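Structure data (compact mmCIF, C-alpha atoms) from model-v9.txt:
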# COMPACT_ATOMS: atom_id res chain seq x y z
CA MET Y 1264 0.00 0.00 0.00
CA VAL Y 1265 2.86 2.35 -0.83
CA ALA Y 1266 0.60 4.63 -2.81
CA PHE Y 1267 -1.33 5.80 0.25
CA THR Y 1268 1.30 5.97 2.99
CA TRP Y 1269 0.36 9.63 3.60
CA PHE Y 1270 -3.22 8.50 4.09
CA PHE Y 1271 -2.30 6.24 6.99
CA ARG Y 1272 -0.36 9.05 8.59
CA ARG Y 1273 -3.48 11.19 8.53
CA ARG Y 1274 -5.95 8.48 9.39
CA LYS Y 1275 -6.21 9.31 13.08
CA ALA Y 1276 -7.08 12.92 12.38
CA ALA Y 1277 -9.67 11.85 9.85
CA THR Y 1278 -11.58 9.84 12.44
CA LEU Y 1279 -12.15 12.81 14.77
CA ALA Y 1280 -15.76 13.88 15.06
CA GLU Y 1281 -16.81 16.36 12.40
CA PRO Y 1282 -19.33 19.15 13.11
CA TRP Y 1283 -22.23 17.27 11.54
CA GLU Y 1284 -21.52 14.29 13.76
CA ARG Y 1285 -21.68 16.41 16.88
CA GLN Y 1286 -25.14 17.55 15.82
CA PRO Y 1287 -27.54 14.59 15.81
CA PRO Y 1288 -29.31 13.87 12.53
CA SER Y 1289 -32.93 14.91 12.24
CA THR Y 1290 -35.77 12.51 11.58
CA LEU Y 1291 -38.63 13.47 9.29
CA GLU Y 1292 -41.41 10.96 8.67
CA GLN Y 1293 -39.16 8.04 9.58
CA ARG Y 1294 -36.37 9.21 7.26
CA THR Y 1295 -33.03 10.40 8.68
CA TYR Y 1296 -31.40 13.57 7.34
CA LEU Y 1297 -27.98 15.01 8.16
CA GLU Y 1298 -27.95 18.43 9.77
CA GLN Y 1299 -25.44 21.23 9.17
CA VAL Y 1300 -24.54 20.00 5.71
CA PRO Y 1301 -26.41 21.11 2.61
CA TYR Y 1302 -27.44 17.60 1.61
CA LEU Y 1303 -31.05 17.19 0.58
CA LEU Y 1304 -31.36 13.41 0.52
CA PRO Y 1305 -31.67 11.18 3.60
CA LYS Y 1306 -28.83 9.21 5.14
CA ASP Y 1307 -30.36 5.94 6.30
CA ALA Y 1308 -30.56 2.26 5.40
CA GLN Y 1309 -33.36 2.85 2.92
CA GLU Y 1310 -31.29 5.46 1.09
CA ASP Y 1311 -28.25 3.15 1.09
CA GLU Y 1312 -30.40 0.53 -0.61
CA ARG Y 1313 -31.51 3.07 -3.22
CA LEU Y 1314 -27.92 4.13 -3.88
CA ARG Y 1315 -26.82 0.54 -4.45
CA PHE Y 1316 -29.77 -0.02 -6.79
CA GLN Y 1317 -28.98 3.23 -8.62
CA HIS Y 1318 -25.38 2.10 -9.14
CA TYR Y 1319 -26.55 -0.98 -11.02
CA ALA Y 1320 -29.23 0.96 -12.91
CA LEU Y 1321 -26.52 3.32 -14.16
CA HIS Y 1322 -24.25 0.45 -15.10
CA HIS Y 1323 -27.11 -1.10 -17.04
CA ALA Y 1324 -27.63 2.19 -18.87
CA PHE Y 1325 -24.03 3.21 -19.57
CA GLY Y 1326 -22.46 -0.23 -19.81
CA ASN Y 1327 -19.56 0.78 -17.60
CA HIS Y 1328 -18.78 2.33 -14.22
CA TYR Y 1329 -16.93 5.29 -15.77
CA LEU Y 1330 -16.84 7.17 -19.06
CA ALA Y 1331 -13.37 8.73 -19.23
CA PRO Y 1332 -10.90 6.97 -21.57
CA LEU Y 1333 -8.71 5.63 -18.79
CA SER Y 1334 -5.50 3.80 -19.47
CA PRO Y 1335 -5.56 0.16 -18.29
CA GLU Y 1336 -2.50 1.15 -16.22
CA THR Y 1337 -4.51 3.54 -14.03
CA ARG Y 1338 -3.19 2.90 -10.53
CA THR Y 1339 -4.77 5.34 -8.10
CA MET Y 1340 -8.39 6.43 -8.00
CA LEU Y 1341 -10.46 8.69 -5.77
CA ASP Y 1342 -14.24 8.52 -5.45
CA VAL Y 1343 -15.68 11.70 -3.96
CA GLY Y 1344 -19.05 11.18 -2.27
CA CYS Y 1345 -18.52 7.42 -2.23
CA GLY Y 1346 -21.75 6.70 -0.30
CA THR Y 1347 -22.12 2.94 0.03
CA GLY Y 1348 -18.70 2.34 -1.54
CA VAL Y 1349 -20.23 0.20 -4.26
CA TRP Y 1350 -18.54 2.14 -7.11
CA ALA Y 1351 -15.13 1.71 -5.50
CA LEU Y 1352 -15.71 -1.99 -4.89
CA ASP Y 1353 -16.74 -2.62 -8.49
CA MET Y 1354 -13.85 -0.57 -9.83
CA ALA Y 1355 -11.50 -2.62 -7.64
CA GLN Y 1356 -12.67 -5.69 -9.53
CA GLN Y 1357 -12.27 -4.00 -12.89
CA PHE Y 1358 -8.83 -2.57 -12.02
CA PRO Y 1359 -7.38 -5.21 -9.69
CA HIS Y 1360 -3.98 -3.47 -9.54
CA ALA Y 1361 -5.38 -0.06 -8.67
CA HIS Y 1362 -5.61 1.50 -5.21
CA ILE Y 1363 -9.00 3.11 -4.75
CA LEU Y 1364 -9.87 5.62 -2.07
CA GLY Y 1365 -13.41 6.74 -1.31
CA VAL Y 1366 -14.43 9.77 0.73
CA ASP Y 1367 -17.77 10.82 2.13
CA ILE Y 1368 -19.10 12.95 4.97
CA THR Y 1369 -20.01 9.80 6.87
CA LEU Y 1370 -18.79 6.25 6.42
CA SER Y 1371 -21.81 4.58 8.01
CA SER Y 1372 -22.99 3.10 4.71
CA LEU Y 1373 -19.91 1.04 3.90
CA PRO Y 1374 -19.97 -2.76 3.87
CA HIS Y 1375 -18.14 -4.57 6.66
CA THR Y 1376 -15.79 -6.48 4.36
CA LEU Y 1377 -13.59 -4.52 2.00
CA PRO Y 1378 -10.91 -5.61 -0.47
CA THR Y 1379 -7.36 -4.68 0.50
CA THR Y 1380 -7.07 -2.29 -2.47
CA CYS Y 1381 -9.96 -0.12 -1.25
CA LEU Y 1382 -9.71 2.46 1.51
CA PHE Y 1383 -12.30 4.90 2.77
CA CYS Y 1384 -11.85 8.17 4.56
CA GLN Y 1385 -14.25 10.60 6.15
CA ALA Y 1386 -14.01 13.98 4.44
CA ASP Y 1387 -16.25 16.73 3.11
CA ILE Y 1388 -15.42 18.05 -0.35
CA LEU Y 1389 -16.93 21.40 0.72
CA GLN Y 1390 -14.25 21.66 3.43
CA GLY Y 1391 -11.42 20.59 1.12
CA LEU Y 1392 -9.97 17.11 0.70
CA PRO Y 1393 -7.43 15.97 3.32
CA PHE Y 1394 -4.88 14.86 0.73
CA PRO Y 1395 -1.69 16.32 -0.66
CA ALA Y 1396 -1.77 17.63 -4.22
CA GLN Y 1397 -1.42 15.38 -7.28
CA GLN Y 1398 -2.17 12.01 -5.74
CA PHE Y 1399 -4.67 10.33 -8.06
CA ASP Y 1400 -4.66 9.16 -11.67
CA PHE Y 1401 -8.45 9.28 -11.76
CA THR Y 1402 -10.83 11.35 -9.64
CA HIS Y 1403 -14.49 10.49 -9.91
CA GLN Y 1404 -17.50 12.33 -8.56
CA ARG Y 1405 -21.09 11.56 -9.43
CA LEU Y 1406 -24.58 12.58 -8.40
CA LEU Y 1407 -23.54 15.14 -5.80
CA VAL Y 1408 -25.59 18.02 -7.19
CA LEU Y 1409 -27.96 17.85 -4.21
CA ALA Y 1410 -24.98 18.26 -1.86
CA ILE Y 1411 -23.11 21.16 -3.46
CA PRO Y 1412 -24.42 24.73 -3.15
CA ALA Y 1413 -24.31 26.61 -6.44
CA SER Y 1414 -21.61 29.04 -5.32
CA ARG Y 1415 -19.29 26.18 -4.31
CA TRP Y 1416 -19.11 24.33 -7.65
CA PRO Y 1417 -16.03 26.13 -9.07
CA GLY Y 1418 -14.11 25.60 -5.81
CA VAL Y 1419 -15.14 21.94 -5.60
CA VAL Y 1420 -13.88 21.24 -9.11
CA ARG Y 1421 -10.64 23.13 -8.40
CA GLU Y 1422 -10.16 20.87 -5.37
CA LEU Y 1423 -10.67 17.77 -7.53
CA VAL Y 1424 -8.06 19.14 -9.93
CA ARG Y 1425 -5.65 19.83 -7.07
CA VAL Y 1426 -5.57 16.22 -5.88
CA THR Y 1427 -5.34 14.74 -9.38
CA ARG Y 1428 -1.99 14.10 -11.02
CA PRO Y 1429 -0.92 15.96 -14.16
CA GLN Y 1430 -2.43 14.08 -17.12
CA GLY Y 1431 -4.79 12.30 -14.76
CA TRP Y 1432 -8.52 12.31 -15.45
CA ILE Y 1433 -11.42 13.89 -13.59
CA GLU Y 1434 -14.95 12.70 -14.30
CA LEU Y 1435 -18.24 14.29 -13.23
CA LEU Y 1436 -21.62 12.68 -13.77
CA GLU Y 1437 -24.89 14.31 -12.73
CA ALA Y 1438 -28.61 14.10 -13.37
CA GLY Y 1439 -30.58 17.29 -13.74
CA THR Y 1440 -34.23 18.11 -14.12
CA THR Y 1441 -34.48 17.56 -17.85
CA VAL Y 1442 -37.05 14.93 -18.80
CA LEU Y 1443 -37.80 14.79 -22.51
CA ASP Y 1444 -41.24 13.78 -23.80
CA ALA Y 1445 -42.95 13.95 -20.41
CA GLY Y 1446 -45.91 16.16 -19.44
CA PRO Y 1447 -47.40 18.60 -16.93
CA ALA Y 1448 -47.28 16.31 -13.89
CA THR Y 1449 -43.57 15.64 -14.46
CA GLU Y 1450 -42.94 19.34 -14.95
CA ARG Y 1451 -44.69 20.12 -11.66
CA LEU Y 1452 -42.55 17.57 -9.83
CA LEU Y 1453 -39.36 18.93 -11.38
CA THR Y 1454 -40.33 22.52 -10.56
CA TRP Y 1455 -40.95 21.44 -6.99
CA ALA Y 1456 -37.54 19.72 -6.85
CA ARG Y 1457 -35.85 22.85 -8.21
CA GLU Y 1458 -37.61 25.03 -5.63
CA ILE Y 1459 -36.68 22.97 -2.58
CA SER Y 1460 -33.10 22.79 -3.86
CA GLN Y 1461 -32.90 26.53 -4.39
CA ALA Y 1462 -34.12 27.09 -0.84
CA MET Y 1463 -30.88 25.39 0.28
CA GLY Y 1464 -28.70 27.29 -2.19
CA ILE Y 1465 -28.52 24.37 -4.60
CA GLU Y 1466 -29.01 25.02 -8.31
CA ILE Y 1467 -29.71 21.80 -10.18
CA SER Y 1468 -29.46 23.44 -13.61
CA LEU Y 1469 -25.69 23.83 -13.07
CA VAL Y 1470 -25.28 20.18 -14.09
CA THR Y 1471 -25.38 21.38 -17.70
CA HIS Y 1472 -22.14 23.30 -17.07
CA LEU Y 1473 -19.88 20.46 -15.87
CA ALA Y 1474 -17.54 20.83 -18.84
CA ASP Y 1475 -17.27 24.59 -18.21
CA PHE Y 1476 -16.27 23.95 -14.59
CA LEU Y 1477 -13.55 21.54 -15.69
CA GLN Y 1478 -12.23 23.94 -18.31
CA GLN Y 1479 -12.27 26.88 -15.90
CA ALA Y 1480 -10.30 24.78 -13.41
CA GLY Y 1481 -7.61 24.22 -16.05
CA CYS Y 1482 -8.53 20.79 -17.41
CA GLN Y 1483 -7.70 19.91 -20.98
CA ALA Y 1484 -9.20 17.53 -23.52
CA VAL Y 1485 -12.58 18.06 -21.89
CA GLU Y 1486 -15.42 16.04 -23.36
CA SER Y 1487 -19.04 16.21 -22.36
CA HIS Y 1488 -22.09 14.12 -23.08
CA ASP Y 1489 -25.78 14.78 -22.51
CA ILE Y 1490 -27.13 11.27 -22.33
CA PRO Y 1491 -30.88 10.67 -22.58
CA LEU Y 1492 -31.89 7.45 -20.83
CA PRO Y 1493 -35.24 5.75 -21.33
CA LEU Y 1494 -37.44 6.27 -18.29
CA GLY Y 1495 -40.09 3.63 -17.68
CA ALA Y 1496 -40.95 0.00 -18.17
CA TRP Y 1497 -41.76 0.78 -21.83
CA ALA Y 1498 -38.00 0.57 -22.47
CA GLY Y 1499 -37.43 -2.77 -20.73
CA ARG Y 1500 -35.43 -3.59 -17.63
CA GLY Y 1501 -33.09 -0.60 -17.79
CA GLY Y 1502 -35.97 1.85 -18.10
CA GLU Y 1503 -37.82 0.16 -15.24
CA MET Y 1504 -34.72 0.36 -13.02
CA LEU Y 1505 -34.26 4.07 -13.72
CA LYS Y 1506 -37.97 4.69 -13.11
CA LEU Y 1507 -37.81 3.02 -9.69
CA ASP Y 1508 -34.70 4.98 -8.80
CA ILE Y 1509 -36.28 8.33 -9.75
CA ILE Y 1510 -39.49 7.48 -7.88
CA HIS Y 1511 -37.55 6.63 -4.72
CA THR Y 1512 -35.38 9.74 -5.05
CA LEU Y 1513 -38.42 11.99 -5.30
CA GLN Y 1514 -40.09 10.20 -2.39
CA ALA Y 1515 -36.92 10.71 -0.34
CA LEU Y 1516 -37.06 14.45 -1.00
CA ARG Y 1517 -40.74 14.89 -0.13
CA PRO Y 1518 -40.40 15.00 3.69
CA ARG Y 1519 -38.22 18.11 3.17
CA THR Y 1520 -41.35 19.96 2.04
CA ASN Y 1521 -44.87 20.64 3.26
CA VAL Y 1522 -46.51 18.80 0.39
CA PRO Y 1523 -49.10 16.36 1.85
CA PRO Y 1524 -48.13 12.72 1.14
CA ALA Y 1525 -51.39 11.90 -0.64
CA GLU Y 1526 -51.10 14.91 -2.95
CA PHE Y 1527 -47.50 14.07 -3.69
CA GLU Y 1528 -48.22 10.41 -4.44
CA ALA Y 1529 -51.07 11.35 -6.80
CA LEU Y 1530 -48.78 13.74 -8.68
CA LEU Y 1531 -46.02 11.11 -8.82
CA ALA Y 1532 -48.45 8.50 -10.18
CA ALA Y 1533 -49.56 10.95 -12.88
CA ALA Y 1534 -45.92 11.65 -13.78
CA VAL Y 1535 -45.10 7.93 -14.02
CA ASP Y 1536 -48.09 7.51 -16.29
CA GLU Y 1537 -46.69 10.25 -18.54
CA TRP Y 1538 -43.29 8.51 -18.67
CA GLU Y 1539 -44.88 5.25 -19.74
CA GLN Y 1540 -47.38 6.70 -22.21
CA GLN Y 1541 -45.08 9.21 -23.87
CA HIS Y 1542 -41.83 7.22 -23.68
CA ALA Y 1543 -39.98 9.78 -21.62
CA LEU Y 1544 -36.19 10.18 -21.52
CA TYR Y 1545 -34.27 11.38 -18.49
CA VAL Y 1546 -31.10 13.29 -19.39
CA PHE Y 1547 -27.83 12.64 -17.57
CA HIS Y 1548 -24.88 14.99 -17.95
CA ALA Y 1549 -21.29 13.75 -17.98
CA ALA Y 1550 -18.00 15.55 -18.45
CA TYR Y 1551 -14.42 14.45 -18.11
CA GLY Y 1552 -11.10 16.11 -18.69
CA ARG Y 1553 -7.40 15.84 -18.02
CA VAL Y 1554 -5.32 17.82 -15.62
CA ALA Y 1555 -2.73 19.81 -17.55
CA GLN Y 1556 0.86 18.62 -17.61
CA LEU Y 1557 3.22 20.79 -15.60
CA MET X 1126 -0.51 -15.63 -30.19
CA ARG X 1127 0.40 -12.05 -29.31
CA GLY X 1128 2.29 -11.66 -32.58
CA SER X 1129 -0.89 -12.35 -34.52
CA LEU X 1130 -2.81 -9.46 -32.99
CA PRO X 1131 -3.60 -6.69 -35.46
CA GLN X 1132 -1.71 -3.46 -35.12
CA LEU X 1133 -2.03 0.01 -36.57
CA THR X 1134 1.01 2.09 -37.43
CA LEU X 1135 0.06 5.71 -36.83
CA THR X 1136 1.55 9.14 -37.20
CA ARG X 1137 0.57 11.70 -34.58
CA GLU X 1138 -1.78 13.33 -37.07
CA GLN X 1139 -3.49 10.02 -37.83
CA ALA X 1140 -3.79 9.31 -34.10
CA ALA X 1141 -5.49 12.68 -33.60
CA ARG X 1142 -7.94 11.89 -36.40
CA TRP X 1143 -8.65 8.43 -35.00
CA HIS X 1144 -9.22 10.01 -31.62
CA ALA X 1145 -11.69 12.53 -33.05
CA CYS X 1146 -13.47 9.71 -34.83
CA LEU X 1147 -13.85 7.69 -31.61
CA GLN X 1148 -15.06 10.76 -29.72
CA HIS X 1149 -17.62 11.53 -32.37
CA TYR X 1150 -18.95 7.99 -32.48
CA ARG X 1151 -19.26 7.81 -28.68
CA CYS X 1152 -21.19 11.10 -28.62
CA TYR X 1153 -23.45 9.87 -31.40
CA ALA X 1154 -24.09 6.49 -29.75
CA PHE X 1155 -24.85 7.99 -26.33
CA THR X 1156 -27.50 10.29 -27.78
CA ALA X 1157 -28.90 8.36 -30.73
CA ILE X 1158 -28.84 4.70 -29.75
CA PHE X 1159 -30.85 3.35 -26.84
CA PRO X 1160 -28.90 1.46 -24.18
CA CYS X 1161 -28.60 -2.23 -25.06
CA PRO X 1162 -25.89 -4.85 -24.58
CA HIS X 1163 -24.58 -4.39 -28.14
CA ARG X 1164 -24.34 -0.58 -27.89
CA ASN X 1165 -22.73 -0.79 -24.47
CA SER X 1166 -20.21 -3.39 -25.59
CA THR X 1167 -19.22 -1.21 -28.55
CA LEU X 1168 -18.92 1.86 -26.31
CA ARG X 1169 -16.76 -0.02 -23.79
CA THR X 1170 -14.44 -1.19 -26.56
CA LEU X 1171 -14.13 2.33 -27.97
CA GLN X 1172 -13.52 3.78 -24.51
CA THR X 1173 -10.68 1.32 -23.92
CA LEU X 1174 -9.29 2.03 -27.36
CA GLN X 1175 -9.43 5.77 -26.75
CA GLY X 1176 -7.46 5.21 -23.54
CA LYS X 1177 -4.83 3.15 -25.39
CA LEU X 1178 -4.55 5.77 -28.09
CA ILE X 1179 -4.05 8.55 -25.54
CA SER X 1180 -1.41 6.46 -23.73
CA VAL X 1181 0.69 6.00 -26.86
CA VAL X 1182 0.27 9.61 -27.96
CA ASP X 1183 1.50 10.68 -24.51
CA GLN X 1184 4.81 8.98 -25.29
CA GLN X 1185 5.59 11.81 -27.73
CA ALA X 1186 6.96 9.57 -30.51
CA ALA X 1187 6.48 10.77 -34.09
CA LEU X 1188 5.34 7.35 -35.22
CA PHE X 1189 3.94 4.58 -33.06
CA GLN X 1190 2.21 1.27 -33.25
CA LEU X 1191 -1.12 0.61 -31.63
CA LEU X 1192 -1.67 -3.02 -30.76
CA LEU X 1193 -5.33 -3.94 -31.07
CA THR X 1194 -7.40 -6.88 -30.01
CA VAL X 1195 -9.44 -8.60 -32.69
CA GLU X 1196 -12.59 -7.19 -31.08
CA GLU X 1197 -11.18 -3.66 -31.24
CA MET X 1198 -10.29 -4.04 -34.90
CA LEU X 1199 -13.76 -5.36 -35.74
CA THR X 1200 -15.39 -2.56 -33.76
CA LEU X 1201 -13.32 0.05 -35.60
CA ARG X 1202 -14.42 -1.37 -38.93
CA VAL X 1203 -18.06 -1.25 -37.86
CA ILE X 1204 -17.97 2.29 -36.53
CA THR X 1205 -16.12 3.74 -39.53
CA THR X 1206 -18.79 2.24 -41.76
CA GLU X 1207 -21.54 3.65 -39.53
CA LEU X 1208 -19.92 7.09 -39.40
CA LEU X 1209 -19.63 7.16 -43.21
CA LYS X 1210 -23.37 6.45 -43.44
CA LEU X 1211 -24.10 9.06 -40.78
CA TYR X 1212 -22.07 11.80 -42.48
CA ALA X 1213 -23.46 10.87 -45.89
CA ARG X 1214 -26.97 11.69 -44.60
CA GLN X 1215 -25.93 15.18 -43.47
CA PRO X 1216 -26.66 18.22 -45.66
CA GLU X 1217 -24.01 19.29 -48.14
CA SER X 1218 -21.30 21.36 -46.54
CA THR X 1219 -17.54 21.77 -46.51
CA GLN X 1220 -17.48 20.22 -43.04
CA ARG X 1221 -19.40 17.15 -44.22
CA HIS X 1222 -16.92 16.60 -47.06
CA ALA X 1223 -14.00 16.93 -44.67
CA LEU X 1224 -15.53 14.42 -42.24
CA LEU X 1225 -16.30 11.96 -45.03
CA ALA X 1226 -12.76 12.25 -46.37
CA ASP X 1227 -11.31 11.78 -42.89
CA VAL X 1228 -13.30 8.66 -42.08
CA ALA X 1229 -12.75 7.18 -45.54
CA ALA X 1230 -9.00 7.68 -45.10
CA LEU X 1231 -9.12 6.02 -41.70
CA GLN X 1232 -11.10 3.11 -43.09
CA ALA X 1233 -8.55 2.64 -45.86
CA HIS X 1234 -5.77 2.77 -43.30
CA LEU X 1235 -7.56 0.11 -41.28
CA LYS X 1236 -7.87 -2.18 -44.29
CA HIS X 1237 -4.22 -1.65 -45.18
CA ASP X 1238 -2.74 -2.11 -41.72
CA GLY X 1239 -5.28 -4.44 -40.18
Show me, as structure tokens, the structure contained in the file I just sent.
Amino acid sequence: MVAFTWFFRRRKAATLAEPWERQPPSTLEQRTYLEQVPYLLPKDAQEDERLRFQHYALHHAFGNHYLAPLSPETRTMLDVGCGTGVWALDMAQQFPHAHILGVDITLSSLPHTLPTTCLFCQADILQGLPFPAQQFDFTHQRLLVLAIPASRWPGVVRELVRVTRPQGWIELLEAGTTVLDAGPATERLLTWAREISQAMGIEISLVTHLADFLQQAGCQAVESHDIPLPLGAWAGRGGEMLKLDIIHTLQALRPRTNVPPAEFEALLAAAVDEWEQQHALYVFHAAYGRVAQL
Amino acid sequence: MRGSLPQLTLTREQAARWHACLQHYRCYAFTAIFPCPHRNSTLRTLQTLQGKLISVVDQQAALFQLLLTVEEMLTLRVITTELLKLYARQPESTQRHALLADVAALQAHLKHDG
């Protein structure tokens, strides 16, 4: 484990209680939410299950766990906002010689058994990563838009660039609020999601600017993709998986608002009907780029 | 068996054109083809190939050889054919002619070297 000797030196410090741990999480309608961090989704066993399911839904859709054109010799990887650790664990299988480090604001969702090539560390990207500069060949961050206030995006991407080696890759993958071929119920749900996000300083529409953030932070060879994915059982298993994931994500956000459960469920059912009838597509946004050579 | 693997001999300029071709096909496939095992397998192969291409270009040599798997070679043949069809359907323009010429040259190179 030569690659991460500095990590072990810092490990003790990383296990000290962080501010959000000193403040107990809040419970809303039997869902647990972290306090003092701008994270809209719950942090509980049900959410962990959704995140694992989402990981496989995305793999089914994209056919891979990453999109950047990595060299097979990629040796060190960082996953920012690692959640359940499932991305790191699957990448460890795909790159058996790589050392993979995951960070998240809490490590409560990790499995008990981990491969020796995977390490996890408690850290908050909004507070800066606890690593020296230029440590990773590949830095990966996905689906963190509901955890990053709009004003913090440029700084977050600069921090990802800082810890990535020259000529290493950074990849960002996010889902926004663009659903093609849907209808009024879907639009109402998406408007509602945008409004509760904005109340916490989060701007979901920024996910269409991932490539700009990478370029502004000095990345080169930046490529971006807007990827429409079929949403609904009309498109087979992949569409059904994405539909379930979106339904559970929206349901996880609802306790953050004053919308009555019955009203919300009726609107959600109408939206799902639109997805199935009109063959809706949910757009994901990906961008990756290389850190400039010194 | 390694000696029997196909290989492409590329100049830096050809490598850049191959790279642009792979990028363009990946963009096209992500937006225009629904996810399915065949699309995803092609995209994975192209992604790996793009990574290999970048690795050899990073070595700064004027001329280099790219060792391909049989699957990669077959995938390249398929996507150059598909890109030719795609560009042929686009409206007349100088850019369309340039793209057609580029992909046709790459396809010829593939037949010659592969």
Got a sec: who's within 10 Å of Y:Arg1315, counting all atoms listed in the file, leaving out chain neighbours fewer than 5 positions off, as a count of residues only?
7
Chain X near chain Y within 10 Å: what's each residue's closest atom pair and its distance in Å to one decimal, counting only C-alpha atoms, ordered by chain then ascending residue number, as a Markdown table?
| residue | atom | partner | partner_atom | distance |
| --- | --- | --- | --- | --- |
| X:Gln1148 | CA | Y:Glu1486 | CA | 8.3 |
| X:Arg1151 | CA | Y:His1488 | CA | 8.9 |
| X:Cys1152 | CA | Y:His1488 | CA | 6.4 |
| X:Tyr1153 | CA | Y:His1488 | CA | 9.4 |
| X:Ala1154 | CA | Y:Ile1490 | CA | 9.3 |
| X:Phe1155 | CA | Y:Ile1490 | CA | 5.7 |
| X:Thr1156 | CA | Y:Ile1490 | CA | 5.5 |
| X:Ala1157 | CA | Y:Pro1491 | CA | 8.7 |
| X:Ile1158 | CA | Y:Pro1491 | CA | 9.6 |
| X:Phe1159 | CA | Y:Leu1492 | CA | 7.3 |
| X:Pro1160 | CA | Y:Ala1324 | CA | 5.5 |
| X:Cys1161 | CA | Y:Ala1324 | CA | 7.7 |
| X:Pro1162 | CA | Y:Gly1326 | CA | 7.5 |
| X:His1163 | CA | Y:Gly1326 | CA | 9.5 |
| X:Arg1164 | CA | Y:Gly1326 | CA | 8.3 |
| X:Asn1165 | CA | Y:Gly1326 | CA | 4.7 |
| X:Ser1166 | CA | Y:Gly1326 | CA | 7.0 |
| X:Thr1167 | CA | Y:Gly1326 | CA | 9.4 |
| X:Leu1168 | CA | Y:Gly1326 | CA | 7.7 |
| X:Arg1169 | CA | Y:Asn1327 | CA | 6.8 |
| X:Leu1171 | CA | Y:Pro1332 | CA | 8.5 |
| X:Gln1172 | CA | Y:Pro1332 | CA | 5.1 |
| X:Thr1173 | CA | Y:Pro1332 | CA | 6.1 |
| X:Leu1174 | CA | Y:Pro1332 | CA | 7.8 |
| X:Gln1175 | CA | Y:Pro1332 | CA | 5.5 |
| X:Gly1176 | CA | Y:Pro1332 | CA | 4.3 |
| X:Lys1177 | CA | Y:Ser1334 | CA | 6.0 |
| X:Leu1178 | CA | Y:Ser1334 | CA | 8.9 |
| X:Ile1179 | CA | Y:Ser1334 | CA | 7.8 |
| X:Ser1180 | CA | Y:Ser1334 | CA | 6.5 |
| X:Val1181 | CA | Y:Ser1334 | CA | 9.9 |
| X:Asp1183 | CA | Y:Gln1430 | CA | 9.0 |
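For the atom pair formed by atom CA of Y:Gly1481 and atom CA of Y:Ser1414, the distance is 18.3 Å, given to one decimal.
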Find, counting all atoms listed in the file, the residue in Y:Val1424, Y:Leu1303, Y:Ala1550, Y:Ala1532 that gets nearest to Y:Pro1518.
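The shortest atom-to-atom distance to Y:Pro1518 comes from Y:Leu1303.
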Expressed in Å, the length from atom CA of X:Arg1137 to atom CA of X:Arg1221 is 22.8 Å
Calculate how many Å separate atom CA of Y:Leu1494 from atom CA of Y:Tyr1545, rounding to one decimal.
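Pair atom CA of Y:Leu1494 / atom CA of Y:Tyr1545 returns 6.0 Å.
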Using all atoms listed in the file, pick whichever of Y:His1542, Y:His1511, Y:His1328, Y:Arg1519 has the shortest atom-to-atom distance to Y:Trp1497.
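With all atoms listed in the file as the atom set, the closest residue is Y:His1542.
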Residues at most 10 Å from X:Ala1141, counting only C-alpha atoms, excluding those fewer than 5 positions away in the same chain, as an NGL selection string?
:X and (1135-1136 or 1146-1147 or 1178-1179 or 1182)
Between Y:Leu1530, Y:Leu1452, Y:Leu1544, Y:Leu1370, which has the minimum distance to Y:Ala1386 (counting all atoms listed in the file)?
Y:Leu1370
Rank nothing, just name the residue among Y:Gly1418, Y:Gly1439, Y:Gly1344, Y:Pro1395 nearest to Y:Gln1479, using all atoms listed in the file.
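Checking each of Y:Gly1418, Y:Gly1439, Y:Gly1344, Y:Pro1395 against Y:Gln1479, counting all atoms listed in the file, the winner is Y:Gly1418.
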How big is the axis-aligned box around the listed atoms of stretch 1478-1487 of chain Y once 6 Å is added on each side, and where is its centre? Give both in Å to one decimal, as lines of an AutoDock Vina configuration file.
center_x = -13.3
center_y = 21.5
center_z = -18.5
size_x = 23.4
size_y = 22.8
size_z = 22.1
Near-stretch 1520-1522 of chain Y list (10 Å; only C-alpha atoms; drop same-chain fewer than 4 positions) as a list in words:
Trp1455, Ala1456, Glu1458, Ile1459, Leu1516, Glu1526, Phe1527 and Glu1528 of chain Y
So that I can see what lies close to Y:Met1504, please list as a list of chain:residue names the residues with an atom at most 8 Å from it, counting only C-alpha atoms and leaving out residues fewer than 6 positions away in the same chain.
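Residues near the query, excluding close chain neighbours: Y:Phe1316, Y:Gln1317, Y:Ala1320, Y:Gly1495.
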Counting only C-alpha atoms, which residues sit no farther than 9 Å from the position (-3.8, -4.7, -26.1) in the file's frame? I'd like them as number ranges by chain.
X: 1130, 1174, 1177, 1191-1194
Show me as a PyMOL selection string the residues that reach within 6 Å of (-27.8, 10.5, 5.0), counting all atoms listed in the file and using the file's own coordinates.
chain Y and resi 1296-1297+1305-1307
Output C-alpha atoms of each residue in that selection to a file, as a short mmCIF file (atom, residue, chain, number, x, y, z; two decimals), keeping the file's coordinate frame.
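Output below, filename part-v3.cif:
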data_model
loop_
_atom_site.label_atom_id
_atom_site.label_comp_id
_atom_site.auth_asym_id
_atom_site.auth_seq_id
_atom_site.Cartn_x
_atom_site.Cartn_y
_atom_site.Cartn_z
CA TYR Y 1296 -31.40 13.57 7.34
CA LEU Y 1297 -27.98 15.01 8.16
CA PRO Y 1305 -31.67 11.18 3.60
CA LYS Y 1306 -28.83 9.21 5.14
CA ASP Y 1307 -30.36 5.94 6.30
#
